[in-house]
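Chemist: This is the content of structure.tsv (TSV, C-alpha atoms):
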chain	number	residue	atom	x	y	z
A	21	MET	CA	25.64	11.12	-6.92
A	22	ALA	CA	24.11	9.25	-4.09
A	23	GLU	CA	20.88	7.44	-4.78
A	24	ALA	CA	17.83	6.75	-2.67
A	25	HIS	CA	14.94	4.40	-3.31
A	26	VAL	CA	11.65	4.90	-1.50
A	27	ILE	CA	9.55	1.76	-1.83
A	28	GLY	CA	6.39	1.04	0.09
A	29	GLN	CA	2.68	1.55	0.45
A	30	ILE	CA	0.16	4.03	1.74
A	31	ILE	CA	-1.70	1.41	3.71
A	32	GLY	CA	-4.80	3.22	4.85
A	33	ALA	CA	-6.42	5.49	7.39
A	34	THR	CA	-8.09	5.12	10.75
A	35	GLY	CA	-9.82	7.42	13.17
A	36	PHE	CA	-11.79	9.43	10.65
A	37	SER	CA	-15.50	9.90	11.32
A	38	GLU	CA	-16.29	9.59	7.62
A	39	SER	CA	-16.43	6.11	6.05
A	40	SER	CA	-15.56	6.20	2.32
A	41	LEU	CA	-12.09	7.67	2.21
A	42	PHE	CA	-9.44	8.29	-0.40
A	43	CYS	CA	-6.12	10.08	-0.35
A	44	LYS	CA	-4.29	12.44	-2.68
A	45	TRP	CA	-0.56	12.24	-2.10
A	46	GLY	CA	2.58	13.85	-3.39
A	47	ILE	CA	6.24	14.00	-2.55
A	48	HIS	CA	8.16	17.24	-2.12
A	49	THR	CA	11.92	17.48	-2.27
A	50	GLY	CA	14.56	20.18	-2.23
A	51	ALA	CA	16.37	21.38	-5.35
A	52	ALA	CA	19.30	18.99	-4.81
A	53	TRP	CA	17.08	15.96	-5.29
A	54	LYS	CA	16.20	14.65	-8.73
A	55	LEU	CA	13.54	12.07	-9.43
A	56	LEU	CA	14.97	9.49	-11.83
A	57	SER	CA	11.96	7.19	-12.09
A	58	GLY	CA	8.57	6.70	-10.50
A	59	VAL	CA	5.58	8.98	-10.09
A	60	ARG	CA	5.76	11.95	-7.76
A	61	GLU	CA	2.05	12.24	-6.94
A	62	GLY	CA	-1.12	10.28	-7.19
A	63	GLN	CA	-4.51	9.47	-5.82
A	64	THR	CA	-5.67	6.28	-4.15
A	65	GLN	CA	-8.81	4.26	-4.57
A	66	VAL	CA	-11.92	4.96	-2.48
A	67	ASP	CA	-12.36	2.30	0.20
A	68	THR	CA	-15.53	1.53	2.13
A	69	PRO	CA	-14.38	-0.96	4.79
A	70	GLN	CA	-16.61	-3.89	5.73
A	71	VAL	CA	-14.54	-5.12	8.70
A	72	GLY	CA	-13.25	-2.69	11.29
A	73	ASP	CA	-13.04	1.07	10.85
A	74	MET	CA	-9.78	1.25	8.90
A	75	ALA	CA	-9.99	2.21	5.24
A	76	TYR	CA	-7.37	0.32	3.21
A	77	TRP	CA	-5.78	1.77	0.10
A	78	CYS	CA	-2.64	-0.37	-0.32
A	79	HIS	CA	-1.35	2.24	-2.72
A	80	PRO	CA	2.12	1.31	-3.97
A	81	ILE	CA	4.93	3.86	-4.00
A	82	ASP	CA	8.20	3.25	-5.84
A	83	LEU	CA	10.53	6.21	-6.29
A	84	HIS	CA	14.14	6.50	-7.34
A	85	PHE	CA	15.99	9.69	-6.39
A	86	ALA	CA	19.47	10.92	-7.08
A	87	THR	CA	20.79	13.61	-4.76
A	88	LYS	CA	23.66	16.08	-4.54
A	89	GLY	CA	22.88	17.23	-1.02
A	90	LEU	CA	20.91	16.43	2.09
A	91	GLN	CA	18.93	19.68	2.20
A	92	GLY	CA	15.30	19.19	1.34
A	93	TRP	CA	15.03	15.54	2.40
A	94	PRO	CA	11.86	14.12	0.73
A	95	ARG	CA	8.60	14.68	2.53
A	96	LEU	CA	5.32	13.07	1.70
A	97	HIS	CA	2.19	15.21	1.84
A	98	LEU	CA	-1.26	13.72	2.11
A	99	GLN	CA	-4.80	14.94	1.71
A	100	VAL	CA	-7.52	12.63	2.94
A	101	TRP	CA	-10.94	13.13	1.39
A	102	SER	CA	-14.23	11.42	2.01
A	103	GLN	CA	-16.73	10.63	-0.69
A	104	ASP	CA	-20.46	10.35	-0.04
A	105	SER	CA	-23.00	8.17	-1.84
A	106	PHE	CA	-23.62	10.90	-4.45
A	107	GLY	CA	-19.93	11.07	-5.32
A	108	ARG	CA	-19.39	14.41	-3.58
A	109	CYS	CA	-16.01	14.86	-1.96
A	110	GLN	CA	-15.23	16.57	1.30
A	111	LEU	CA	-11.90	17.26	2.93
A	112	ALA	CA	-11.19	15.07	5.96
A	113	GLY	CA	-7.57	15.92	6.76
A	114	TYR	CA	-4.18	17.20	5.69
A	115	GLY	CA	-0.90	15.70	6.85
A	116	PHE	CA	2.73	15.32	5.97
A	117	CYS	CA	5.58	13.11	7.08
A	118	HIS	CA	9.26	13.02	6.27
A	119	VAL	CA	10.62	10.00	4.50
A	120	PRO	CA	12.64	8.25	7.25
A	121	SER	CA	16.36	8.97	7.18
A	122	SER	CA	17.65	5.54	8.10
A	123	PRO	CA	17.60	2.67	5.61
A	124	GLY	CA	15.21	-0.20	6.22
A	125	THR	CA	11.48	-0.65	6.52
A	126	HIS	CA	9.49	1.77	8.63
A	127	GLN	CA	5.90	1.85	9.84
A	128	LEU	CA	4.73	5.43	9.93
A	129	ASP	CA	1.61	6.91	11.44
A	130	CYS	CA	0.88	10.36	10.07
A	131	PRO	CA	-1.53	12.47	12.13
A	132	THR	CA	-3.81	14.77	10.15
A	133	TRP	CA	-5.64	18.03	10.69
A	134	ARG	CA	-8.16	20.16	8.85
A	135	PRO	CA	-8.84	23.91	8.88
A	136	LEU	CA	-11.65	24.84	11.24
A	137	GLY	CA	-12.85	28.20	9.90
A	138	SER	CA	-15.30	30.56	11.58
A	139	TRP	CA	-18.22	29.32	13.68
A	140	ARG	CA	-20.49	30.01	10.73
A	141	GLU	CA	-18.37	27.73	8.52
A	142	GLN	CA	-18.25	25.07	11.22
A	143	LEU	CA	-22.02	25.12	11.50
A	144	ALA	CA	-22.39	24.95	7.72
A	145	ARG	CA	-19.97	22.01	7.58
A	146	ALA	CA	-21.94	20.13	10.22
A	147	PHE	CA	-25.19	20.50	8.30
A	148	VAL	CA	-24.40	20.69	4.58
A	149	GLY	CA	-20.78	19.52	4.42
A	150	GLY	CA	-17.96	21.20	2.58
A	151	GLY	CA	-15.86	23.30	4.91
A	152	PRO	CA	-12.75	25.41	4.36
A	153	GLN	CA	-9.75	24.10	2.41
A	154	LEU	CA	-6.22	25.39	2.00
A	155	LEU	CA	-5.67	27.67	-0.96
A	156	HIS	CA	-2.01	26.75	-1.27
A	157	ALA	CA	-1.19	23.08	-0.82
A	158	ASP	CA	2.40	23.89	0.21
A	159	THR	CA	1.11	24.90	3.66
A	160	ILE	CA	0.65	21.16	4.25
A	161	TYR	CA	4.37	20.49	4.30
A	162	SER	CA	5.91	23.88	5.14
A	163	GLY	CA	5.89	25.48	8.54
A	164	ALA	CA	6.29	29.02	7.25
A	165	ASP	CA	2.73	30.27	6.97
A	166	ARG	CA	0.79	28.27	9.52
A	167	TYR	CA	0.46	30.78	12.35
A	168	ARG	CA	-2.92	32.22	11.35
A	169	LEU	CA	-4.59	28.89	10.91
A	170	HIS	CA	-7.03	27.39	13.37
A	171	THR	CA	-7.32	23.63	12.91
A	172	ALA	CA	-8.98	20.52	14.30
A	173	ALA	CA	-7.66	16.97	14.51
A	174	GLY	CA	-8.44	14.39	11.85
A	175	GLY	CA	-7.61	10.69	11.82
A	176	THR	CA	-4.31	8.94	11.22
A	177	VAL	CA	-2.84	7.70	7.95
A	178	ARG	CA	-0.72	4.57	8.15
A	179	LEU	CA	2.21	4.11	5.80
A	180	GLU	CA	4.88	1.52	5.36
A	181	LEU	CA	7.94	2.95	3.69
A	182	GLY	CA	11.20	1.23	2.92
A	183	LEU	CA	14.30	3.26	2.29
A	184	LEU	CA	17.21	1.90	0.31
A	185	LEU	CA	20.31	4.09	0.06
A	186	ARG	CA	23.22	3.80	-2.31
A	187	HIS	CA	26.67	5.41	-2.10
A	188	PHE	CA	25.76	7.63	0.89
A	189	ASP	CA	28.75	6.19	2.74
A	190	ARG	CA	31.01	7.07	-0.18
A	191	TYR	CA	30.36	10.76	0.64
A	192	GLY	CA	30.71	10.22	4.37
A	193	VAL	CA	27.01	10.61	5.10
A	194	GLU	CA	25.86	8.63	8.11
A	195	CYS	CA	22.21	7.64	7.99
B	25	MET	CA	33.44	-18.29	-8.88
B	26	ALA	CA	32.20	-15.03	-7.39
B	27	ALA	CA	32.64	-12.00	-9.60
B	28	ALA	CA	34.68	-9.20	-8.03
B	29	ASN	CA	32.61	-6.45	-9.64
B	30	PRO	CA	29.08	-7.73	-9.98
B	31	SER	CA	26.57	-5.79	-12.05
B	32	VAL	CA	23.45	-7.66	-10.99
B	33	PHE	CA	22.08	-8.54	-7.59
B	34	LEU	CA	19.89	-11.48	-6.72
B	35	LEU	CA	16.79	-11.60	-4.56
B	36	MET	CA	15.61	-14.94	-3.30
B	37	VAL	CA	12.15	-15.07	-1.82
B	38	ASN	CA	10.58	-18.07	-0.27
B	39	GLY	CA	7.78	-18.45	2.19
B	40	GLN	CA	4.11	-19.22	2.15
B	41	VAL	CA	0.64	-17.86	1.77
B	42	GLU	CA	-0.23	-18.85	5.28
B	43	SER	CA	-3.84	-18.11	6.03
B	44	ALA	CA	-6.70	-15.69	5.59
B	45	GLN	CA	-9.46	-14.05	7.57
B	46	PHE	CA	-12.68	-13.41	5.68
B	47	PRO	CA	-15.53	-13.11	8.22
B	48	GLU	CA	-18.28	-13.27	5.59
B	49	TYR	CA	-16.99	-15.94	3.19
B	50	ASP	CA	-15.95	-19.57	3.17
B	51	ASP	CA	-14.44	-22.18	0.80
B	52	LEU	CA	-11.86	-19.88	-0.70
B	53	TYR	CA	-8.83	-20.38	-2.88
B	54	CYS	CA	-6.03	-18.03	-3.68
B	55	LYS	CA	-3.91	-17.14	-6.70
B	56	TYR	CA	-0.64	-15.30	-6.51
B	57	CYS	CA	1.65	-13.72	-9.07
B	58	PHE	CA	4.59	-11.33	-8.97
B	59	VAL	CA	4.70	-7.89	-10.58
B	60	TYR	CA	8.12	-6.32	-11.14
B	61	GLY	CA	9.82	-3.57	-13.13
B	62	GLN	CA	11.60	-3.70	-16.48
B	63	ASP	CA	15.05	-4.31	-15.04
B	64	TRP	CA	13.93	-7.40	-13.17
B	65	ALA	CA	13.88	-11.00	-14.37
B	66	PRO	CA	12.99	-14.22	-12.59
B	67	THR	CA	15.83	-16.74	-12.67
B	68	ALA	CA	14.38	-19.70	-10.80
B	69	GLY	CA	11.17	-20.89	-9.25
B	70	LEU	CA	7.54	-20.25	-9.96
B	71	GLU	CA	6.21	-16.74	-10.20
B	72	GLU	CA	2.56	-17.79	-10.23
B	73	GLY	CA	0.55	-20.22	-8.18
B	74	ILE	CA	-2.96	-21.34	-7.42
B	75	SER	CA	-3.85	-22.88	-4.10
B	76	GLN	CA	-6.28	-25.50	-2.90
B	77	ILE	CA	-9.79	-24.61	-1.72
B	78	THR	CA	-9.93	-24.25	2.03
B	79	SER	CA	-12.78	-24.09	4.51
B	80	LYS	CA	-12.91	-22.21	7.77
B	81	SER	CA	-11.56	-23.95	10.85
B	82	GLN	CA	-14.23	-24.96	13.34
B	83	ASP	CA	-12.45	-23.40	16.32
B	84	MET	CA	-12.30	-19.85	17.68
B	85	ARG	CA	-9.90	-18.63	15.01
B	86	ARG	CA	-12.23	-19.21	12.05
B	87	ALA	CA	-9.03	-19.30	10.02
B	88	LEU	CA	-8.75	-20.22	6.35
B	89	VAL	CA	-5.42	-21.99	6.14
B	90	TRP	CA	-3.69	-22.52	2.80
B	91	ASN	CA	-0.09	-23.08	3.85
B	92	PHE	CA	0.77	-22.58	0.18
B	93	PRO	CA	4.46	-22.38	-0.73
B	94	ILE	CA	6.19	-19.50	-2.52
B	95	ASP	CA	9.71	-19.93	-3.87
B	96	VAL	CA	11.19	-17.66	-6.51
B	97	THR	CA	14.49	-15.95	-7.30
B	98	PHE	CA	14.88	-12.69	-9.19
B	99	LYS	CA	17.85	-10.83	-10.59
B	100	SER	CA	18.06	-7.13	-11.30
B	101	THR	CA	20.42	-4.23	-11.84
B	102	ASN	CA	18.19	-1.57	-10.24
B	103	PRO	CA	15.90	-1.73	-7.21
B	104	TYR	CA	13.31	0.42	-9.02
B	105	GLY	CA	10.37	-1.81	-9.80
B	106	TRP	CA	11.00	-3.97	-6.73
B	107	PRO	CA	8.80	-7.11	-6.95
B	108	GLN	CA	5.35	-7.05	-5.48
B	109	ILE	CA	3.26	-10.12	-4.80
B	110	VAL	CA	-0.31	-9.80	-5.99
B	111	LEU	CA	-2.92	-12.01	-4.40
B	112	SER	CA	-6.46	-12.64	-5.50
B	113	VAL	CA	-8.88	-14.73	-3.49
B	114	TYR	CA	-11.87	-16.46	-5.07
B	115	GLY	CA	-14.78	-18.42	-3.69
B	116	PRO	CA	-18.23	-19.63	-4.66
B	117	ASP	CA	-21.32	-17.45	-4.32
B	118	VAL	CA	-24.79	-18.82	-3.45
B	119	PHE	CA	-25.21	-20.16	-7.01
B	120	GLY	CA	-21.85	-21.93	-6.94
B	121	ASN	CA	-20.16	-19.55	-9.37
B	122	ASP	CA	-16.60	-18.53	-8.57
B	123	VAL	CA	-16.46	-14.85	-7.73
B	124	VAL	CA	-13.61	-12.74	-6.46
B	125	ARG	CA	-13.50	-12.09	-2.71
B	126	GLY	CA	-10.45	-9.90	-2.57
B	127	TYR	CA	-7.39	-8.47	-4.28
B	128	GLY	CA	-4.28	-7.36	-2.47
B	129	ALA	CA	-0.64	-6.57	-3.05
B	130	VAL	CA	2.50	-5.99	-1.03
B	131	HIS	CA	6.16	-5.37	-1.83
B	132	VAL	CA	8.55	-8.20	-1.12
B	133	PRO	CA	10.50	-7.08	1.99
B	134	PHE	CA	13.98	-5.90	1.08
B	135	SER	CA	15.97	-6.63	4.15
B	136	PRO	CA	17.14	-10.22	4.49
B	137	GLY	CA	15.39	-12.29	7.12
B	138	ARG	CA	12.00	-13.63	8.06
B	139	HIS	CA	9.03	-11.32	7.62
B	140	LYS	CA	5.35	-11.74	8.27
B	141	ARG	CA	2.88	-9.48	6.48
B	142	THR	CA	-0.87	-9.24	6.88
B	143	ILE	CA	-2.32	-7.63	3.81
B	144	PRO	CA	-5.82	-6.21	3.46
B	145	MET	CA	-7.95	-7.60	0.63
B	146	PHE	CA	-10.48	-5.54	-1.28
B	147	VAL	CA	-12.91	-5.93	-4.18
B	148	PRO	CA	-13.92	-3.28	-6.70
B	149	GLU	CA	-17.42	-1.89	-6.56
B	150	SER	CA	-19.74	-0.58	-9.27
B	151	THR	CA	-20.10	3.16	-9.16
B	152	SER	CA	-23.59	3.38	-10.62
B	153	THR	CA	-26.71	2.18	-8.85
B	154	LEU	CA	-27.99	0.54	-12.05
B	155	GLN	CA	-24.83	-1.52	-12.44
B	156	LYS	CA	-24.99	-2.42	-8.77
B	157	PHE	CA	-28.51	-3.74	-9.30
B	158	THR	CA	-27.73	-5.65	-12.49
B	159	SER	CA	-24.61	-7.21	-10.96
B	160	TRP	CA	-26.65	-8.32	-7.94
B	161	PHE	CA	-29.44	-9.60	-10.23
B	162	MET	CA	-27.17	-11.46	-12.64
B	163	GLY	CA	-24.89	-12.68	-9.86
B	164	ARG	CA	-21.82	-11.24	-11.56
B	165	ARG	CA	-19.66	-9.07	-9.34
B	166	PRO	CA	-17.23	-6.54	-10.79
B	167	GLU	CA	-13.69	-7.87	-11.19
B	168	TYR	CA	-10.41	-6.60	-12.54
B	169	THR	CA	-9.62	-8.09	-15.95
B	170	ASP	CA	-5.98	-8.22	-14.85
B	171	PRO	CA	-5.30	-8.51	-11.10
B	172	LYS	CA	-1.91	-6.89	-11.65
B	173	VAL	CA	-3.52	-3.43	-11.63
B	174	VAL	CA	-3.56	-3.57	-7.83
B	175	ALA	CA	0.23	-3.30	-7.93
B	176	GLN	CA	0.10	-0.10	-9.95
B	177	GLY	CA	-0.31	3.37	-8.53
B	178	GLU	CA	-1.71	5.07	-11.60
B	179	GLY	CA	-5.36	5.21	-12.54
B	180	ARG	CA	-6.69	4.23	-9.16
B	181	GLU	CA	-8.56	7.46	-8.48
B	182	VAL	CA	-11.62	6.20	-10.36
B	183	THR	CA	-11.95	2.91	-8.51
B	184	ARG	CA	-14.18	2.37	-5.52
B	185	VAL	CA	-13.50	-0.67	-3.37
B	186	ARG	CA	-14.72	-2.51	-0.29
B	187	SER	CA	-12.10	-4.07	1.95
B	188	GLN	CA	-13.42	-7.25	3.49
B	189	GLY	CA	-10.63	-9.54	4.64
B	190	PHE	CA	-6.95	-10.18	5.29
B	191	VAL	CA	-4.32	-12.62	4.09
B	192	THR	CA	-1.22	-13.44	6.12
B	193	LEU	CA	1.99	-14.04	4.21
B	194	LEU	CA	5.33	-15.26	5.43
B	195	PHE	CA	8.52	-14.33	3.59
B	196	ASN	CA	12.11	-15.43	3.94
B	197	VAL	CA	14.33	-13.07	2.01
B	198	VAL	CA	17.94	-13.52	0.98
B	199	THR	CA	19.81	-11.01	-1.18
B	200	LYS	CA	23.13	-11.39	-2.93
B	201	ASP	CA	25.58	-8.68	-4.01
B	202	MET	CA	23.38	-5.74	-2.94
B	203	ARG	CA	26.05	-4.44	-0.56
B	204	LYS	CA	28.72	-4.95	-3.20
B	205	LEU	CA	26.71	-2.71	-5.51
B	206	GLY	CA	26.65	-0.02	-2.81
B	207	TYR	CA	23.09	-0.48	-1.54
B	208	ASP	CA	22.31	-0.16	2.13
B	209	THR	CA	19.11	-1.95	3.07
B	210	GLY	CA	19.33	-1.15	6.75
B	211	PRO	CA	19.13	-3.55	9.67
B	212	ALA	CA	17.26	-6.81	9.23
B	213	ASP	CA	13.69	-6.23	10.28
B	214	THR	CA	11.65	-8.98	11.83
B	215	GLN	CA	8.45	-7.08	12.46
B	216	GLY	CA	5.43	-9.03	13.45
B	217	ILE	CA	7.45	-12.12	14.27
B	218	ALA	CA	6.46	-13.26	17.71
B	219	GLY	CA	6.67	-16.89	18.60
B	220	PRO	CA	5.44	-19.67	16.35
B	221	SER	CA	3.58	-18.65	13.23
B	222	LEU	CA	-0.06	-19.37	13.91
B	223	PRO	CA	-2.85	-17.89	11.79
B	224	GLN	CA	-3.71	-14.55	13.29
B	225	GLY	CA	-7.01	-12.86	13.92
B	226	ILE	CA	-8.07	-9.60	12.34
B	227	PRO	CA	-5.38	-6.99	13.05
B	228	ARG	CA	-6.41	-4.10	15.27
Using structure tokens, write down the structure that the file contains.
Modeler:
Amino acid sequence: MAEAHVIGQIIGATGFSESSLFCKWGIHTGAAWKLLSGVREGQTQVDTPQVGDMAYWCHPIDLHFATKGLQGWPRLHLQVWSQDSFGRCQLAGYGFCHVPSSPGTHQLDCPTWRPLGSWREQLARAFVGGGPQLLHADTIYSGADRYRLHTAAGGTVRLELGLLLRHFDRYGVEC
Amino acid sequence: MAAANPSVFLLMVNGQVESAQFPEYDDLYCKYCFVYGQDWAPTAGLEEGISQITSKSQDMRRALVWNFPIDVTFKSTNPYGWPQIVLSVYGPDVFGNDVVRGYGAVHVPFSPGRHKRTIPMFVPESTSTLQKFTSWFMGRRPEYTDPKVVAQGEGREVTRVRSQGFVTLLFNVVTKDMRKLGYDTGPADTQGIAGPSLPQGIPR
């Protein structure tokens, strides 16, 4: 089987109006992909930046996949949350990005969005916080059930992912 | 001399801990160490180091220059657990005690060539107001007992940090036998290499 290593970091996030941010992440693959070692999901630290407006997480990712097919190329899904001084968490954005398909190091900027809800919910969010969240997290990375959603833009998550492929050329796959 | 069917590959890393930007602090020194997976072993060079104490330059850059060398070679059979360099920066507080000013980590680049990396540095924060007060009162800031936790992904959801500076690292990477073992590391990347390597400002 061909092997793929995904090695890198979730560097941080910019462009969010909230200040103390953290990120829950996970990686979704098709059935042909098998995770040999590494953790598939995690949660970063909460960063309150002192210089600039970018929150830095520097969260390491190191994954080793074996694959029988190209269908279901790994995609990374992200949920950015903000934490207030009382430790309450509020959703700041959802986003996903595909793991790049060419080997080498890549800088990725993942745009995020959050559900908007009705005007009543928007008003409530502005005053007391909270706001609507997705019931099924798979909507973050699948395009199947998005058409009824109304969303607003969030900030951007910056990632640096390196892809290392093994034996893809043995099966004639050109990446 | 060269084996026809190698089972290990080598990774040679050299370079330097070039400089740092910490707007609020001065007189800092830096420690580095490498964190790597089970299949990895260092074969030559030093995997830990501790630099001199440097003061800010008096010009526009306000740079803290260490120019501290890194030179280490690893061997491995599996890229999983690829080495990360862990940096921790220390400096004196108002009472002259050494306190930590930042932790940071980055993977060693895996394509051969010259690479420059600017890594953000952060310190852990107390979560309770009482601890915040006692640490301010006693002059003892929270620290990690082992800086190597910043290279691990697990168990970070409980930590709160403040990022407050940057360190610029320069790497020269050479690999041996990775292609022979079937690995494709992609084209050599030389990101962030523009002209001579001068200490940079805060990245935007």
Chemist: Given all atoms listed in the file as the basis, pick out the residue of B:Asp50, B:Trp90, B:His131, B:Ser43 nearest to Ile30 in chain A.
Modeler: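 The answer is B:His131, which sits nearest to Ile30 in chain A.
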Chemist: Please determine, counting all atoms listed in the file, which residue among A:Ala75, A:Ala146, A:Ala51, A:Ala173 has the shortest atom-to-atom distance to chain B.
Modeler: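 Using all atoms listed in the file, chain B sits closest to A:Ala75.
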Chemist: With 6 Å added on each side, what axis-aligned box encloses every listed atom of range 184-195 of chain A? Give the centre and edge lengths in Å to one decimal, as lines of an AutoDock Vina configuration file.
Modeler:
center_x = 24.1
center_y = 6.3
center_z = 2.9
size_x = 25.8
size_y = 20.9
size_z = 22.4
Chemist: Could you work out which residues of chain A fall inside 7 Å of chain B? Count all atoms listed in the file, and format the result as a ChimeraX atom specification.
Modeler: /A:28,62-71,76,79-84,123-124,184-187
Chemist: Suppose you want the space between CA of Leu35 in chain B and CA of Lys99 in chain B; what is it in Å?
Modeler: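 If I compute the distance from CA of Leu35 in chain B to CA of Lys99 in chain B, I get 6.2 Å.
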Chemist: Report, in Å with one decimal, the straight-line distance from CA of Tyr49 in chain B to CA of Gly115 in chain B.
Modeler: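 Taking CA of Tyr49 in chain B as the start and CA of Gly115 in chain B as the end point, the length is 7.6 Å.
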Chemist: Which distance in Å separates CA of Asp63 in chain B and CA of Thr125 in chain A, to one decimal?
Modeler: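 The value is 22.2 Å.
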Chemist: Could you check the closest approach to Thr132 in chain A for each of A:Leu56, A:Val193, A:Leu41, A:Ala172 and tell me which residue wins, using all atoms listed in the file?
Modeler: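 Closest residue, counting all atoms listed in the file: A:Ala172.
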Chemist: Excluding Ala28 in chain B and any residue of its chain fewer than 4 positions from it, enumerate the residues within 12 Å of it, using all atoms listed in the file, and give them as a list in words.
Modeler: Val32, Asp201, Lys204 and Leu205 of chain B
Chemist: Considering only C-alpha atoms, return as a ChimeraX atom specification whatever protein or nucleic-acid residues lie within 6 Å of Leu193 in chain B, sequence-local ones (same chain, fewer than 2 positions apart) excluded.
Modeler: /B:40-42,140-141
Chemist: List every protein, DNA or RNA residue with an atom no more than 6 Å from (-1.1, -0.3, 2.0) in the file's coordinates, counting only C-alpha atoms, and format the result as a PyMOL selection string.
Modeler: chain A and resi 29-32+77-79
Chemist: Limited to C-alpha atoms, could you put the picked residues into a file as a PDB file, in the frame of the given file?
Modeler:
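New file again18.pdb:
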ATOM      1  CA  GLN A  29       2.680   1.550   0.450  1.00  0.00           C
ATOM      2  CA  ILE A  30       0.160   4.030   1.740  1.00  0.00           C
ATOM      3  CA  ILE A  31      -1.700   1.410   3.710  1.00  0.00           C
ATOM      4  CA  GLY A  32      -4.800   3.220   4.850  1.00  0.00           C
ATOM      5  CA  TRP A  77      -5.780   1.770   0.100  1.00  0.00           C
ATOM      6  CA  CYS A  78      -2.640  -0.370  -0.320  1.00  0.00           C
ATOM      7  CA  HIS A  79      -1.350   2.240  -2.720  1.00  0.00           C
TER       8      HIS A  79
END
Chemist: Is it possible to add N, CA and C atoms to range 114-128 of chain A and hand it back as an mmCIF file, in the frame of the given file?
Modeler:
data_model
loop_
_atom_site.group_PDB
_atom_site.id
_atom_site.type_symbol
_atom_site.label_atom_id
_atom_site.label_comp_id
_atom_site.auth_asym_id
_atom_site.auth_seq_id
_atom_site.Cartn_x
_atom_site.Cartn_y
_atom_site.Cartn_z
ATOM 1 N N TYR A 114 -5.466 17.005 6.333
ATOM 2 C CA TYR A 114 -4.180 17.200 5.690
ATOM 3 C C TYR A 114 -3.097 16.627 6.599
ATOM 4 N N GLY A 115 -2.011 16.172 6.009
ATOM 5 C CA GLY A 115 -0.900 15.700 6.850
ATOM 6 C C GLY A 115 0.355 15.580 6.015
ATOM 7 N N PHE A 116 1.474 15.575 6.688
ATOM 8 C CA PHE A 116 2.730 15.320 5.970
ATOM 9 C C PHE A 116 3.621 14.481 6.871
ATOM 10 N N CYS A 117 4.545 13.763 6.274
ATOM 11 C CA CYS A 117 5.580 13.110 7.080
ATOM 12 C C CYS A 117 6.852 13.050 6.252
ATOM 13 N N HIS A 118 7.980 13.156 6.950
ATOM 14 C CA HIS A 118 9.260 13.020 6.270
ATOM 15 C C HIS A 118 9.491 11.552 5.915
ATOM 16 N N VAL A 119 10.118 11.333 4.795
ATOM 17 C CA VAL A 119 10.620 10.000 4.500
ATOM 18 C C VAL A 119 11.692 9.707 5.550
ATOM 19 N N PRO A 120 11.660 8.531 6.205
ATOM 20 C CA PRO A 120 12.640 8.250 7.250
ATOM 21 C C PRO A 120 14.072 8.396 6.734
ATOM 22 N N SER A 121 14.995 8.709 7.633
ATOM 23 C CA SER A 121 16.360 8.970 7.180
ATOM 24 C C SER A 121 17.271 7.760 7.322
ATOM 25 N N SER A 122 16.792 6.710 7.992
ATOM 26 C CA SER A 122 17.650 5.540 8.100
ATOM 27 C C SER A 122 17.148 4.450 7.161
ATOM 28 N N PRO A 123 18.054 3.710 6.524
ATOM 29 C CA PRO A 123 17.600 2.670 5.610
ATOM 30 C C PRO A 123 16.878 1.550 6.340
ATOM 31 N N GLY A 124 16.006 0.876 5.620
ATOM 32 C CA GLY A 124 15.210 -0.200 6.220
ATOM 33 C C GLY A 124 13.735 0.086 6.057
ATOM 34 N N THR A 125 12.933 -0.787 6.632
ATOM 35 C CA THR A 125 11.480 -0.650 6.520
ATOM 36 C C THR A 125 10.943 0.057 7.754
ATOM 37 N N HIS A 126 10.033 0.978 7.531
ATOM 38 C CA HIS A 126 9.490 1.770 8.630
ATOM 39 C C HIS A 126 7.968 1.791 8.559
ATOM 40 N N GLN A 127 7.348 1.654 9.736
ATOM 41 C CA GLN A 127 5.900 1.850 9.840
ATOM 42 C C GLN A 127 5.694 3.282 10.303
ATOM 43 N N LEU A 128 4.938 4.039 9.551
ATOM 44 C CA LEU A 128 4.730 5.430 9.930
ATOM 45 C C LEU A 128 3.244 5.676 10.169
#
